[in-house]
file target_39.txt (compact mmCIF, C-alpha atoms and all ligand atoms)
# COMPACT_ATOMS: atom_id res chain seq x y z
CA MET A 26 114.87 109.46 111.53
CA ILE A 27 114.12 109.30 115.25
CA LYS A 28 111.93 112.12 116.55
CA VAL A 29 111.42 113.13 120.15
CA SER A 30 108.03 114.84 120.54
CA LYS A 31 107.53 116.95 123.64
CA PHE A 32 104.04 118.19 124.49
CA GLY A 33 103.65 121.18 126.78
CA GLY A 34 101.04 121.74 129.49
CA SER A 35 98.31 123.23 127.30
CA SER A 36 98.71 120.33 124.83
CA VAL A 37 97.77 117.84 127.57
CA ALA A 38 95.34 120.00 129.55
CA ASP A 39 92.26 117.79 129.11
CA ALA A 40 90.82 114.79 127.27
CA SER A 41 90.26 116.63 124.01
CA GLN A 42 93.89 117.78 124.00
CA PHE A 43 94.97 114.17 124.69
CA GLU A 44 93.08 113.18 121.53
CA LYS A 45 94.96 115.78 119.48
CA VAL A 46 98.27 114.48 120.86
CA ALA A 47 97.37 110.91 119.95
CA ASN A 48 96.47 111.95 116.40
CA ILE A 49 99.75 113.76 116.03
CA VAL A 50 101.85 110.90 117.42
CA LYS A 51 100.03 108.24 115.39
CA SER A 52 100.22 110.20 112.14
CA ASP A 53 104.01 109.78 111.97
CA PRO A 54 105.72 106.43 112.71
CA GLU A 55 108.96 108.30 113.44
CA ARG A 56 107.40 109.81 116.57
CA LYS A 57 108.51 107.05 118.93
CA PHE A 58 109.50 109.05 122.00
CA VAL A 59 107.05 111.30 123.76
CA VAL A 60 107.71 113.69 126.65
CA VAL A 61 104.86 115.39 128.49
CA SER A 62 104.44 118.30 130.86
CA ALA A 63 101.85 118.30 133.62
CA ALA A 64 98.33 119.18 132.49
CA GLY A 65 98.25 122.96 132.06
CA LYS A 66 95.56 125.59 131.54
CA ARG A 67 92.40 124.60 129.65
CA PHE A 68 91.27 128.20 129.26
CA SER A 69 92.66 131.55 130.32
CA GLY A 70 92.22 131.94 134.05
CA ASP A 71 92.46 128.17 134.62
CA ASN A 72 95.20 126.70 136.83
CA LYS A 73 98.19 124.65 135.83
CA ILE A 74 98.54 121.45 137.84
CA THR A 75 102.15 122.42 138.64
CA ASP A 76 100.96 125.69 140.19
CA LEU A 77 98.35 123.85 142.25
CA LEU A 78 101.00 121.42 143.52
CA LEU A 79 103.26 124.32 144.47
CA LEU A 80 100.32 125.71 146.39
CA VAL A 81 99.89 122.32 148.12
CA ASN A 82 103.49 122.62 149.34
CA ALA A 83 102.82 126.12 150.66
CA HIS A 84 99.77 124.84 152.55
CA ILE A 85 101.79 122.01 154.07
CA GLN A 86 104.58 124.39 155.04
CA TYR A 87 102.20 126.69 156.90
CA GLY A 88 100.09 123.89 158.34
CA VAL A 89 96.95 124.81 156.40
CA ASP A 90 94.52 122.09 155.29
CA CYS A 91 95.15 121.31 151.63
CA SER A 92 92.54 118.62 151.07
CA PRO A 93 90.23 120.78 148.87
CA LEU A 94 93.22 121.61 146.67
CA LEU A 95 94.22 117.97 146.41
CA ALA A 96 90.64 117.07 145.51
CA THR A 97 90.71 119.61 142.65
CA ILE A 98 93.93 118.09 141.30
CA GLN A 99 92.61 114.54 141.58
CA GLN A 100 89.45 115.56 139.76
CA ARG A 101 91.41 116.94 136.79
CA PHE A 102 93.13 113.57 136.32
CA GLU A 103 89.94 111.61 136.90
CA GLU A 104 88.11 113.62 134.26
CA ILE A 105 90.78 112.81 131.70
CA ALA A 106 90.81 109.09 132.60
CA ASN A 107 87.01 108.81 132.57
CA GLU A 108 86.46 110.72 129.34
CA LEU A 109 89.03 108.61 127.55
CA GLY A 110 87.97 105.33 129.20
CA LEU A 111 91.42 104.66 130.65
CA SER A 112 91.95 101.92 133.22
CA PHE A 113 94.74 103.63 135.18
CA PRO A 114 93.50 103.67 138.82
CA VAL A 115 93.66 107.45 139.43
CA ALA A 116 91.77 107.34 142.76
CA GLU A 117 93.91 104.57 144.21
CA GLU A 118 97.22 106.06 143.10
CA PHE A 119 96.18 109.52 144.24
CA GLU A 120 95.25 108.19 147.65
CA ARG A 121 98.69 106.62 147.95
CA PHE A 122 100.25 109.95 147.05
CA VAL A 123 98.11 111.86 149.56
CA GLU A 124 98.94 109.40 152.36
CA SER A 125 102.64 109.90 151.77
CA ILE A 126 102.46 113.66 151.39
CA GLU A 127 103.82 114.61 154.82
CA LYS A 128 106.81 112.33 154.38
CA VAL A 129 107.92 113.18 150.85
CA SER A 130 109.92 116.20 149.67
CA PRO A 131 108.33 119.33 148.12
CA GLU A 132 110.03 118.43 144.82
CA TYR A 133 108.40 115.02 144.88
CA VAL A 134 104.98 116.63 145.39
CA VAL A 135 105.46 118.96 142.39
CA SER A 136 106.77 116.14 140.18
CA ARG A 137 103.48 114.26 140.52
CA GLY A 138 101.90 116.59 137.96
CA GLU A 139 104.08 115.17 135.21
CA TRP A 140 103.95 111.65 136.68
CA PHE A 141 100.13 111.38 136.63
CA THR A 142 99.82 113.12 133.27
CA GLY A 143 102.50 110.80 131.88
CA LYS A 144 100.85 107.65 133.23
CA LEU A 145 97.53 108.60 131.61
CA MET A 146 99.10 109.59 128.29
CA ALA A 147 101.25 106.44 128.13
CA GLU A 148 98.18 104.27 128.48
CA TYR A 149 96.23 106.32 125.95
CA LEU A 150 99.05 106.14 123.39
CA GLY A 151 99.77 102.49 124.17
CA MET A 152 103.39 103.31 124.94
CA PRO A 153 105.55 102.00 127.80
CA PHE A 154 105.92 104.54 130.65
CA VAL A 155 109.49 105.19 131.78
CA ASP A 156 109.72 107.04 135.10
CA ALA A 157 112.03 110.07 134.80
CA ALA A 158 113.22 109.35 138.37
CA ASP A 159 114.87 106.18 137.06
CA VAL A 160 116.57 107.65 133.99
CA VAL A 161 117.12 111.41 134.29
CA VAL A 162 120.00 111.56 136.77
CA PHE A 163 120.75 114.79 138.61
CA HIS A 164 123.88 115.80 140.46
CA HIS A 165 123.17 117.13 143.93
CA ASP A 166 123.78 120.69 142.69
CA GLY A 167 120.75 120.40 140.40
CA THR A 168 122.61 119.91 137.10
CA VAL A 169 122.09 116.82 134.96
CA ASP A 170 124.59 113.96 135.03
CA MET A 171 124.60 113.53 131.26
CA GLU A 172 126.74 110.40 131.22
CA ARG A 173 124.59 108.43 133.64
CA THR A 174 121.42 109.78 132.07
CA GLN A 175 122.56 108.66 128.64
CA THR A 176 123.40 105.16 129.85
CA ARG A 177 120.04 104.80 131.57
CA LEU A 178 118.01 106.21 128.69
CA ARG A 179 119.74 103.85 126.27
CA GLU A 180 118.98 100.93 128.58
CA ALA A 181 115.35 102.04 128.70
CA LEU A 182 115.32 102.20 124.92
CA ILE A 183 116.41 98.55 124.73
CA HIS A 184 114.01 97.33 127.47
CA THR A 185 111.02 99.02 125.90
CA GLY A 186 111.77 97.88 122.38
CA GLY A 187 112.59 101.35 121.07
CA SER A 188 109.65 103.55 122.00
CA PHE A 189 108.46 105.07 125.27
CA LEU A 190 106.83 107.97 127.08
CA LEU A 191 108.84 110.00 129.58
CA PRO A 192 107.34 112.57 131.95
CA GLY A 193 109.23 115.88 131.77
CA PHE A 194 110.49 118.39 134.34
CA TYR A 195 111.92 116.02 136.98
CA GLY A 196 114.53 113.38 137.59
CA ALA A 197 116.39 112.11 140.64
CA THR A 198 119.85 111.95 142.18
CA VAL A 199 121.59 108.56 142.29
CA ASP A 200 120.24 108.06 145.80
CA GLY A 201 116.70 108.63 144.61
CA GLN A 202 115.96 112.23 145.73
CA ILE A 203 113.57 113.86 143.26
CA LYS A 204 114.97 117.01 141.61
CA LEU A 205 113.21 119.49 139.33
CA PHE A 206 114.34 121.57 136.39
CA LYS A 207 113.41 125.27 136.28
CA ARG A 208 109.79 126.17 135.48
CA GLY A 209 108.96 125.15 131.94
CA GLY A 210 111.67 122.51 132.30
CA GLY A 211 109.79 119.79 130.44
CA ASP A 212 111.45 121.38 127.40
CA ILE A 213 114.83 120.52 128.92
CA THR A 214 113.84 116.88 129.48
CA GLY A 215 112.88 116.62 125.81
CA ALA A 216 116.21 118.10 124.75
CA VAL A 217 118.18 115.79 127.05
CA LEU A 218 116.32 112.76 125.71
CA ALA A 219 116.83 113.84 122.09
CA ARG A 220 120.55 114.19 122.71
CA CYS A 221 120.98 110.94 124.63
CA ILE A 222 119.29 108.78 122.01
CA ASP A 223 120.76 110.66 119.01
CA ALA A 224 117.43 111.87 117.68
CA GLY A 225 117.32 113.51 114.27
CA LEU A 226 114.71 116.06 115.35
CA TYR A 227 113.37 117.43 118.61
CA GLU A 228 109.75 118.47 118.17
CA ASN A 229 108.39 120.84 120.75
CA TRP A 230 104.58 120.95 120.61
CA THR A 231 102.93 123.96 122.19
CA ASP A 232 99.98 126.30 121.64
CA VAL A 233 101.54 128.69 119.13
CA SER A 234 102.80 128.03 115.60
CA GLY A 235 106.39 128.90 116.45
CA PHE A 236 108.15 132.24 116.54
CA LEU A 237 106.60 135.28 114.91
CA ALA A 238 108.59 138.02 113.20
CA ALA A 239 107.09 140.58 115.62
CA ASP A 240 104.92 140.66 118.72
CA PRO A 241 101.29 140.14 117.59
CA ARG A 242 100.15 142.51 120.34
CA VAL A 243 102.02 145.28 118.51
CA VAL A 244 101.91 144.27 114.85
CA GLU A 245 98.71 142.82 113.46
CA ASN A 246 99.20 139.37 111.97
CA PRO A 247 102.99 139.25 111.71
CA ARG A 248 104.46 136.51 109.54
CA GLY A 249 105.75 133.34 111.17
CA ILE A 250 109.48 132.61 111.26
CA HIS A 251 110.07 129.29 109.51
CA ARG A 252 113.80 129.02 110.05
CA ILE A 253 115.92 130.57 112.72
CA THR A 254 119.42 129.91 114.06
CA PHE A 255 120.08 129.22 117.74
CA GLU A 256 121.96 132.47 117.98
CA GLU A 257 119.10 134.51 116.53
CA MET A 258 116.68 132.77 118.84
CA ARG A 259 118.78 133.74 121.85
CA GLU A 260 118.66 137.38 120.74
CA LEU A 261 114.90 137.37 120.22
CA SER A 262 114.12 135.44 123.40
CA TYR A 263 116.32 137.72 125.44
CA MET A 264 114.24 140.63 124.18
CA GLY A 265 111.03 138.96 125.24
CA ALA A 266 109.95 136.75 122.31
CA SER A 267 110.06 133.54 124.28
CA VAL A 268 108.47 130.26 123.21
CA LEU A 269 110.92 127.74 124.62
CA GLN A 270 112.65 127.29 127.99
CA GLU A 271 116.03 128.90 127.20
CA GLU A 272 118.11 126.14 128.73
CA ALA A 273 116.46 123.56 126.51
CA ILE A 274 118.53 124.58 123.57
CA PHE A 275 121.97 123.77 124.98
CA PRO A 276 121.80 119.92 125.04
CA VAL A 277 120.64 119.73 121.42
CA ARG A 278 122.61 122.67 120.09
CA GLU A 279 125.92 121.09 121.08
CA VAL A 280 125.24 118.05 118.93
CA ASN A 281 123.42 119.88 116.15
CA ILE A 282 119.95 118.40 116.55
CA PRO A 283 117.33 120.81 115.18
CA ILE A 284 114.30 121.82 117.24
CA GLN A 285 110.95 122.29 115.55
CA ILE A 286 108.30 124.29 117.37
CA LYS A 287 104.84 123.01 116.40
CA ASN A 288 101.27 123.89 117.35
CA THR A 289 99.17 121.04 118.81
CA ASN A 290 96.03 122.99 117.89
CA ALA A 291 97.15 123.59 114.29
CA PRO A 292 99.42 120.64 113.48
CA ASP A 293 99.57 121.42 109.76
CA ASP A 294 101.21 124.79 110.37
CA PHE A 295 104.92 124.52 109.62
CA GLY A 296 106.03 126.13 112.89
CA THR A 297 109.65 127.17 113.38
CA ILE A 298 112.81 125.13 112.88
CA ILE A 299 115.72 126.20 115.05
CA ARG A 300 119.15 124.97 114.04
CA GLU A 301 122.80 125.94 114.11
CA THR A 302 122.93 127.26 110.55
CA ALA A 303 120.18 128.04 108.10
CA ASN A 304 119.94 127.05 104.43
CA GLU A 305 122.69 128.10 102.11
CA HIS A 306 121.88 130.05 98.97
CA ALA A 307 118.19 130.09 99.72
CA ARG A 308 115.69 132.87 99.27
CA GLU A 309 115.22 134.16 102.77
CA HIS A 310 113.95 137.11 104.73
CA LEU A 311 116.42 139.91 105.31
CA ILE A 312 115.17 140.33 108.84
CA THR A 313 114.33 137.25 110.89
CA GLY A 314 112.44 139.03 113.62
CA ILE A 315 112.00 142.14 115.73
CA ALA A 316 111.60 142.11 119.48
CA GLY A 317 111.96 144.64 122.21
CA LYS A 318 111.41 145.67 125.78
CA LYS A 319 110.55 148.88 127.55
CA ASP A 320 111.73 150.49 130.75
CA PHE A 321 115.48 150.49 130.53
CA VAL A 322 117.47 153.26 132.18
CA GLY A 323 120.52 154.99 130.70
CA ILE A 324 123.12 156.41 133.07
CA TYR A 325 124.99 159.05 131.09
CA VAL A 326 128.41 159.96 132.49
CA GLN A 327 130.39 162.89 131.08
CA LYS A 328 133.87 164.05 132.07
CA ALA A 329 136.26 166.34 130.18
CA HIS A 330 139.43 164.54 129.05
CA MET A 331 138.05 161.19 130.12
CA SER A 332 139.75 159.66 127.12
CA ASN A 333 143.12 160.29 128.81
CA GLU A 334 142.08 158.84 132.12
CA ILE A 335 142.27 155.10 132.56
CA GLY A 336 139.76 153.16 134.65
CA CYS A 337 136.64 155.39 134.58
CA VAL A 338 134.42 152.81 132.92
CA ARG A 339 135.78 150.04 135.10
CA ARG A 340 135.02 152.02 138.28
CA ALA A 341 131.50 152.76 137.12
CA LEU A 342 130.93 149.12 136.20
CA SER A 343 132.25 147.80 139.48
CA ILE A 344 129.77 150.03 141.31
CA LEU A 345 126.95 148.42 139.37
CA GLU A 346 128.45 145.02 140.08
CA SER A 347 128.44 145.73 143.80
CA TYR A 348 124.70 146.44 143.56
CA GLY A 349 124.17 143.17 141.67
CA VAL A 350 122.96 145.06 138.58
CA SER A 351 123.62 143.51 135.21
CA VAL A 352 124.63 145.78 132.33
CA GLU A 353 122.85 145.65 128.97
CA HIS A 354 124.89 148.03 126.81
CA ILE A 355 127.71 150.56 127.14
CA PRO A 356 127.74 153.04 124.25
CA THR A 357 130.83 155.21 124.55
CA GLY A 358 131.94 158.62 123.32
CA VAL A 359 135.32 160.32 123.59
CA ASP A 360 134.65 162.02 126.89
CA SER A 361 131.47 160.24 127.90
CA PHE A 362 129.83 156.88 128.16
CA SER A 363 126.37 155.63 129.00
CA ILE A 364 125.48 152.47 130.79
CA VAL A 365 122.11 150.97 129.95
CA VAL A 366 120.52 148.80 132.62
CA ASN A 367 117.16 147.24 133.25
CA GLY A 368 114.93 149.78 135.02
CA ASP A 369 113.55 147.22 137.41
CA ASP A 370 117.03 146.28 138.62
CA VAL A 371 117.81 149.83 139.80
CA LYS A 372 114.43 151.13 140.88
CA ASP A 373 115.41 151.21 144.56
CA SER A 374 119.10 151.88 144.19
CA ILE A 375 119.55 154.43 141.39
CA TYR A 376 120.22 157.38 143.72
CA SER A 377 122.84 155.49 145.72
CA ILE A 378 124.43 154.26 142.48
CA VAL A 379 124.67 157.81 141.16
CA ALA A 380 126.12 159.04 144.47
CA ASP A 381 128.73 156.28 144.41
CA MET A 382 129.63 157.16 140.83
CA GLN A 383 130.00 160.84 141.73
CA ARG A 384 132.48 159.85 144.39
CA GLU A 385 134.43 157.19 142.50
CA VAL A 386 134.43 158.53 138.93
CA LYS A 387 134.31 162.27 139.74
CA PRO A 388 132.56 163.13 136.49
CA ASP A 389 131.53 166.60 135.31
CA SER A 390 127.95 165.39 135.10
CA ILE A 391 125.81 162.32 135.46
CA ASN A 392 122.33 162.17 133.95
CA VAL A 393 119.85 159.42 134.48
CA LEU A 394 117.58 158.88 131.49
CA PRO A 395 114.65 156.67 132.38
CA GLY A 396 111.97 155.31 130.06
CA LEU A 397 114.26 153.91 127.41
CA ALA A 398 112.91 151.13 125.19
CA LEU A 399 115.28 148.82 123.32
CA ILE A 400 114.33 147.24 120.03
CA SER A 401 116.42 144.46 118.57
CA VAL A 402 116.23 143.85 114.84
CA VAL A 403 117.58 140.36 114.36
CA GLY A 404 118.66 138.71 111.12
CA ARG A 405 121.53 136.45 110.11
CA ASN A 406 121.16 137.79 106.56
CA MET A 407 121.87 141.38 107.56
CA SER A 408 125.56 140.76 108.09
CA ARG A 409 127.89 141.73 105.27
CA ARG A 410 125.02 143.49 103.54
CA ALA A 411 125.45 147.23 103.22
CA GLY A 412 122.69 149.64 104.04
CA THR A 413 120.44 147.72 106.43
CA SER A 414 121.12 149.91 109.45
CA GLY A 415 120.85 152.99 107.24
CA GLN A 416 117.39 151.89 106.18
CA ILE A 417 116.31 151.29 109.78
CA PHE A 418 117.48 154.72 110.89
CA GLY A 419 116.02 156.33 107.78
CA ALA A 420 112.63 154.74 108.32
CA LEU A 421 112.56 155.77 111.97
CA GLY A 422 113.70 159.28 111.11
CA GLU A 423 111.02 159.70 108.47
CA ALA A 424 108.41 158.65 111.02
CA GLY A 425 109.69 161.36 113.36
CA ILE A 426 111.05 158.90 115.93
CA ASN A 427 114.12 160.06 117.77
CA ILE A 428 116.77 157.35 118.22
CA ARG A 429 118.49 157.65 121.57
CA MET A 430 120.95 154.80 121.29
CA ILE A 431 122.37 152.48 118.63
CA THR A 432 124.42 149.32 118.97
CA GLN A 433 125.13 146.34 116.80
CA SER A 434 125.92 142.89 118.17
CA SER A 435 129.43 141.67 117.49
CA GLN A 436 128.35 138.97 115.06
CA GLU A 437 126.32 141.55 113.13
CA ILE A 438 123.20 139.48 113.61
CA SER A 439 121.30 142.19 115.41
CA ILE A 440 120.98 145.94 115.39
CA ILE A 441 119.67 147.45 118.59
CA VAL A 442 118.05 150.85 118.75
CA GLY A 443 116.96 152.69 121.85
CA VAL A 444 113.89 154.92 121.67
CA GLN A 445 111.60 156.62 124.20
CA ASN A 446 109.09 154.23 125.81
CA GLU A 447 106.29 156.26 124.16
CA ASP A 448 107.72 155.58 120.70
CA PHE A 449 108.18 151.84 121.24
CA GLU A 450 105.10 150.46 119.47
CA LYS A 451 105.31 152.97 116.64
CA ALA A 452 108.99 152.18 116.08
CA ILE A 453 108.33 148.45 115.88
CA HIS A 454 105.54 149.10 113.38
CA VAL A 455 107.75 151.31 111.25
CA ILE A 456 110.57 148.77 111.17
CA TYR A 457 108.22 145.85 110.50
CA ASP A 458 106.39 147.69 107.73
CA HIS A 459 109.66 148.61 106.11
CA PHE A 460 111.38 145.22 106.38
CA GLY A 461 108.98 142.58 107.65
CA ASN A 462 108.65 140.84 104.32
CA ALA A 463 111.80 141.96 102.52
CA GLU A 464 113.62 139.00 100.97
CA VAL A 465 117.21 138.38 99.92
CA ILE A 466 119.31 135.49 98.68
CA SER A 467 121.15 134.10 101.66
CA GLU A 468 124.87 133.74 101.07
CA ARG A 469 125.83 131.79 104.14
N1 LIG B 501 105.00 121.61 134.53
C1 LIG B 501 106.16 122.41 134.65
C2 LIG B 501 105.80 123.88 134.68
O1 LIG B 501 104.62 124.24 134.66
C3 LIG B 501 107.19 122.12 133.60
C4 LIG B 501 106.73 122.26 132.18
O2 LIG B 501 105.55 122.53 131.94
O3 LIG B 501 107.55 122.13 131.28
O4 LIG B 501 106.65 124.72 134.77

call {"tool": "encode", "arguments": {"input": "target_39.txt", "output": "structure tokens"}}
result
Amino acid sequence: MIKVSKFGGSSVADASQFEKVANIVKSDPERKFVVVSAAGKRFSGDNKITDLLLLVNAHIQYGVDCSPLLATIQQRFEEIANELGLSFPVAEEFERFVESIEKVSPEYVVSRGEWFTGKLMAEYLGMPFVDAADVVVFHHDGTVDMERTQTRLREALIHTGGSFLLPGFYGATVDGQIKLFKRGGGDITGAVLARCIDAGLYENWTDVSGFLAADPRVVENPRGIHRITFEEMRELSYMGASVLQEEAIFPVREVNIPIQIKNTNAPDDFGTIIRETANEHAREHLITGIAGKKDFVGIYVQKAHMSNEIGCVRRALSILESYGVSVEHIPTGVDSFSIVVNGDDVKDSIYSIVADMQREVKPDSINVLPGLALISVVGRNMSRRAGTSGQIFGALGEAGINIRMITQSSQEISIIVGVQNEDFEKAIHVIYDHFGNAEVISER
């Protein structure tokens, strides 16, 4: 099986992290393709090289001297090269970069984080270096030209004899302009590579042992999630449990390549495998994970005989659309509905939104309920199994937590409950304690 192994910024932050990467890559002959991010934080409060390079651009833009900043960046790379005894001429190459800095694009400047890190890692691993600017082809609108990219990556595979290192996060248009993915986009490069060379597994090495069944800042020592589907991961990430750049899943999901999240600092931990479907007929957890966010706002609209009037909800929604506010949920009653939105999105506009709704919908009353927290209980094994939501509501009720909203996703893979911000942590505890380790036989 071919594996693509992508190492994030903290996994390549300094020489000792480079050593861990080399041990990981060398311990498995199937790890023939390596993607790296730019060196990240070595300790909390440290700077990521990418952030420093963005700062360099800001200095250039405002005509402020950036030489001390450049010296800091150069030093990070020199330390790695010296400690590992590498022969890559950091000083010379860096000087070339600095001399060209006024002439190159801001994207080019930022891409040098991955380029230098990649050059050093390629030498240390004894792997050929393939420049992402030559193989990851972008359209001018910033999307990837998958066809051209695939052709070029396959050519690279032949030229290099079937193993290489690719720096993540950037590529170039056909006329050679450097383009960047979104922040954290090294994950996307890894996924694109895995897809283009038909890898059997995309390993994503980071500094956590995969997804956890609950936020460790709320629940002490939650269990790890070993297997999760792409769909479940979307639900959990959307609610804040994010480990992977979201867009990284699409290239591999379409062709059914699993992703395994692994921890560079604890390589024996299993991590999390994300794939389209999970095991059939296996003993599995009833609940895959719980995640949530605070500070939503409910706009509660009530109007007698609304059920006979067509267009009320549409008018209310188009008002939100005109303010550029995205809608999270719309629980409805016979003569009322609520619209749940992200509090941050309406913090400056809520009064105007309400005024517009008064005018357009002419309701009997509108109430704004701030401080709503949403908790999503996610689990592919909950569907077609009676009683799960009853247990959630029962457990919350027994703990004296008032539920202010309930919805279930259409695929039945998540149940979402809204509670007061103040009850958020307690509610997550209650649900985790009740279900966290409950097991069932999966029937999928
Ligand atoms: N170095 C880039 C960033 O910090 C991309 C990545 O790490 O994946 O966002």

call {"tool": "residues_around", "arguments": {"input": "target_39.txt", "residues": "Val81 (chain A)", "least_positions_apart": "4", "cutoff": "9 Å", "atoms": "all atoms listed in the file", "output": "number ranges by chain"}}
result
A: 76-77, 85-86, 90-92, 94-95, 131, 134-135

call {"tool": "closest_residue", "arguments": {"input": "target_39.txt", "among": "A:Val402, A:Ala147, A:Ile250, A:Ile466", "to": "Arg308 (chain A)", "atoms": "only C-alpha atoms"}}
result
A:Ile466

call {"tool": "atom_distance", "arguments": {"input": "target_39.txt", "atom1": "CA of Glu118 (chain A)", "atom2": "atom C1 of ligand LIG 501 (chain B)"}}
result
20.5 Å

call {"tool": "residues_near_ligand", "arguments": {"input": "target_39.txt", "ligand": "ligand LIG 501 (chain B)", "cutoff": "12 Å", "atoms": "all atoms listed in the file", "output": "CSV table (one decimal) with C-alpha atoms, in the coordinates of the input"}}
result
chain,number,residue,atom,x,y,z
A,31,LYS,CA,107.5,117.0,123.6
A,32,PHE,CA,104.0,118.2,124.5
A,33,GLY,CA,103.6,121.2,126.8
A,34,GLY,CA,101.0,121.7,129.5
A,35,SER,CA,98.3,123.2,127.3
A,36,SER,CA,98.7,120.3,124.8
A,37,VAL,CA,97.8,117.8,127.6
A,38,ALA,CA,95.3,120.0,129.6
A,60,VAL,CA,107.7,113.7,126.6
A,61,VAL,CA,104.9,115.4,128.5
A,62,SER,CA,104.4,118.3,130.9
A,63,ALA,CA,101.8,118.3,133.6
A,64,ALA,CA,98.3,119.2,132.5
A,65,GLY,CA,98.2,123.0,132.1
A,66,LYS,CA,95.6,125.6,131.5
A,72,ASN,CA,95.2,126.7,136.8
A,73,LYS,CA,98.2,124.6,135.8
A,74,ILE,CA,98.5,121.4,137.8
A,75,THR,CA,102.2,122.4,138.6
A,76,ASP,CA,101.0,125.7,140.2
A,77,LEU,CA,98.4,123.8,142.2
A,78,LEU,CA,101.0,121.4,143.5
A,79,LEU,CA,103.3,124.3,144.5
A,132,GLU,CA,110.0,118.4,144.8
A,134,VAL,CA,105.0,116.6,145.4
A,135,VAL,CA,105.5,119.0,142.4
A,136,SER,CA,106.8,116.1,140.2
A,137,ARG,CA,103.5,114.3,140.5
A,138,GLY,CA,101.9,116.6,138.0
A,139,GLU,CA,104.1,115.2,135.2
A,140,TRP,CA,104.0,111.6,136.7
A,141,PHE,CA,100.1,111.4,136.6
A,142,THR,CA,99.8,113.1,133.3
A,143,GLY,CA,102.5,110.8,131.9
A,192,PRO,CA,107.3,112.6,132.0
A,193,GLY,CA,109.2,115.9,131.8
A,194,PHE,CA,110.5,118.4,134.3
A,195,TYR,CA,111.9,116.0,137.0
A,205,LEU,CA,113.2,119.5,139.3
A,206,PHE,CA,114.3,121.6,136.4
A,207,LYS,CA,113.4,125.3,136.3
A,208,ARG,CA,109.8,126.2,135.5
A,209,GLY,CA,109.0,125.2,131.9
A,210,GLY,CA,111.7,122.5,132.3
A,211,GLY,CA,109.8,119.8,130.4
A,212,ASP,CA,111.4,121.4,127.4
A,213,ILE,CA,114.8,120.5,128.9
A,214,THR,CA,113.8,116.9,129.5
A,215,GLY,CA,112.9,116.6,125.8
A,216,ALA,CA,116.2,118.1,124.8
A,229,ASN,CA,108.4,120.8,120.8
A,230,TRP,CA,104.6,121.0,120.6
A,231,THR,CA,102.9,124.0,122.2
A,268,VAL,CA,108.5,130.3,123.2
A,269,LEU,CA,110.9,127.7,124.6
A,270,GLN,CA,112.6,127.3,128.0
A,271,GLU,CA,116.0,128.9,127.2
A,272,GLU,CA,118.1,126.1,128.7
A,273,ALA,CA,116.5,123.6,126.5

call {"tool": "residues_around", "arguments": {"input": "target_39.txt", "residues": "Asn406 (chain A)", "least_positions_apart": "5", "cutoff": "10 Å", "atoms": "all atoms listed in the file", "output": "VMD selection string"}}
result
chain A and resid 303 309 to 313 413 437 to 439 464 to 469

call {"tool": "closest_residue", "arguments": {"input": "target_39.txt", "among": "A:Met264, A:Ala239, A:Ala40, A:Ala329", "to": "Glu103 (chain A)", "atoms": "all atoms listed in the file"}}
result
A:Ala40

call {"tool": "atom_distance", "arguments": {"input": "target_39.txt", "atom1": "CA of Ser262 (chain A)", "atom2": "CA of Ile355 (chain A)"}}
result
20.7 Å

call {"tool": "atom_distance", "arguments": {"input": "target_39.txt", "atom1": "CA of Met430 (chain A)", "atom2": "CA of Gly249 (chain A)"}}
result
28.2 Å

call {"tool": "residues_around", "arguments": {"input": "target_39.txt", "residues": "Ala116 (chain A)", "least_positions_apart": "5", "cutoff": "10 Å", "atoms": "only C-alpha atoms", "output": "PyMOL selection string"}}
result
chain A and resi 99-100+102-103+121-122

call {"tool": "residues_around", "arguments": {"input": "target_39.txt", "residues": "Leu394 (chain A)", "least_positions_apart": "3", "cutoff": "7 Å", "atoms": "all atoms listed in the file", "output": "mmCIF file with C-alpha atoms, in the coordinates of the input"}}
result
data_model
loop_
_atom_site.group_PDB
_atom_site.id
_atom_site.type_symbol
_atom_site.label_atom_id
_atom_site.label_comp_id
_atom_site.auth_asym_id
_atom_site.auth_seq_id
_atom_site.Cartn_x
_atom_site.Cartn_y
_atom_site.Cartn_z
ATOM 1 C CA VAL A 322 117.470 153.260 132.180
ATOM 2 C CA GLY A 323 120.520 154.990 130.700
ATOM 3 C CA ILE A 324 123.120 156.410 133.070
#

call {"tool": "closest_residue", "arguments": {"input": "target_39.txt", "among": "A:Tyr133, A:Arg259, A:Val161, A:Gln175", "to": "Gln202 (chain A)", "atoms": "only C-alpha atoms"}}
result
A:Tyr133

call {"tool": "closest_residue", "arguments": {"input": "target_39.txt", "among": "A:Gln327, A:Ser408, A:Thr185, A:Thr174", "to": "Gln436 (chain A)", "atoms": "only C-alpha atoms"}}
result
A:Ser408

call {"tool": "residues_around", "arguments": {"input": "target_39.txt", "residues": "Ala197 (chain A)", "least_positions_apart": "2", "cutoff": "7 Å", "atoms": "all atoms listed in the file", "output": "number ranges by chain"}}
result
A: 158, 161-163, 195, 199, 201-204

call {"tool": "closest_residue", "arguments": {"input": "target_39.txt", "among": "A:Glu55, A:Glu180, A:Glu423, A:Glu450", "to": "Ala224 (chain A)", "atoms": "all atoms listed in the file"}}
result
A:Glu55

call {"tool": "axis_aligned_box", "arguments": {"input": "target_39.txt", "around": "region 90-98 of chain A", "padding_each_side": "3 Å", "output": "lines of an AutoDock Vina configuration file"}}
result
center_x = 92.7
center_y = 119.6
center_z = 148.3
size_x = 10.9
size_y = 11.0
size_z = 20.0

call {"tool": "residues_near_point", "arguments": {"input": "target_39.txt", "point": "(116.5, 125.4, 114.4)", "cutoff": "7 Å", "atoms": "all atoms listed in the file", "output": "VMD selection string"}}
result
chain A and resid 252 to 255 283 to 285 298 to 301
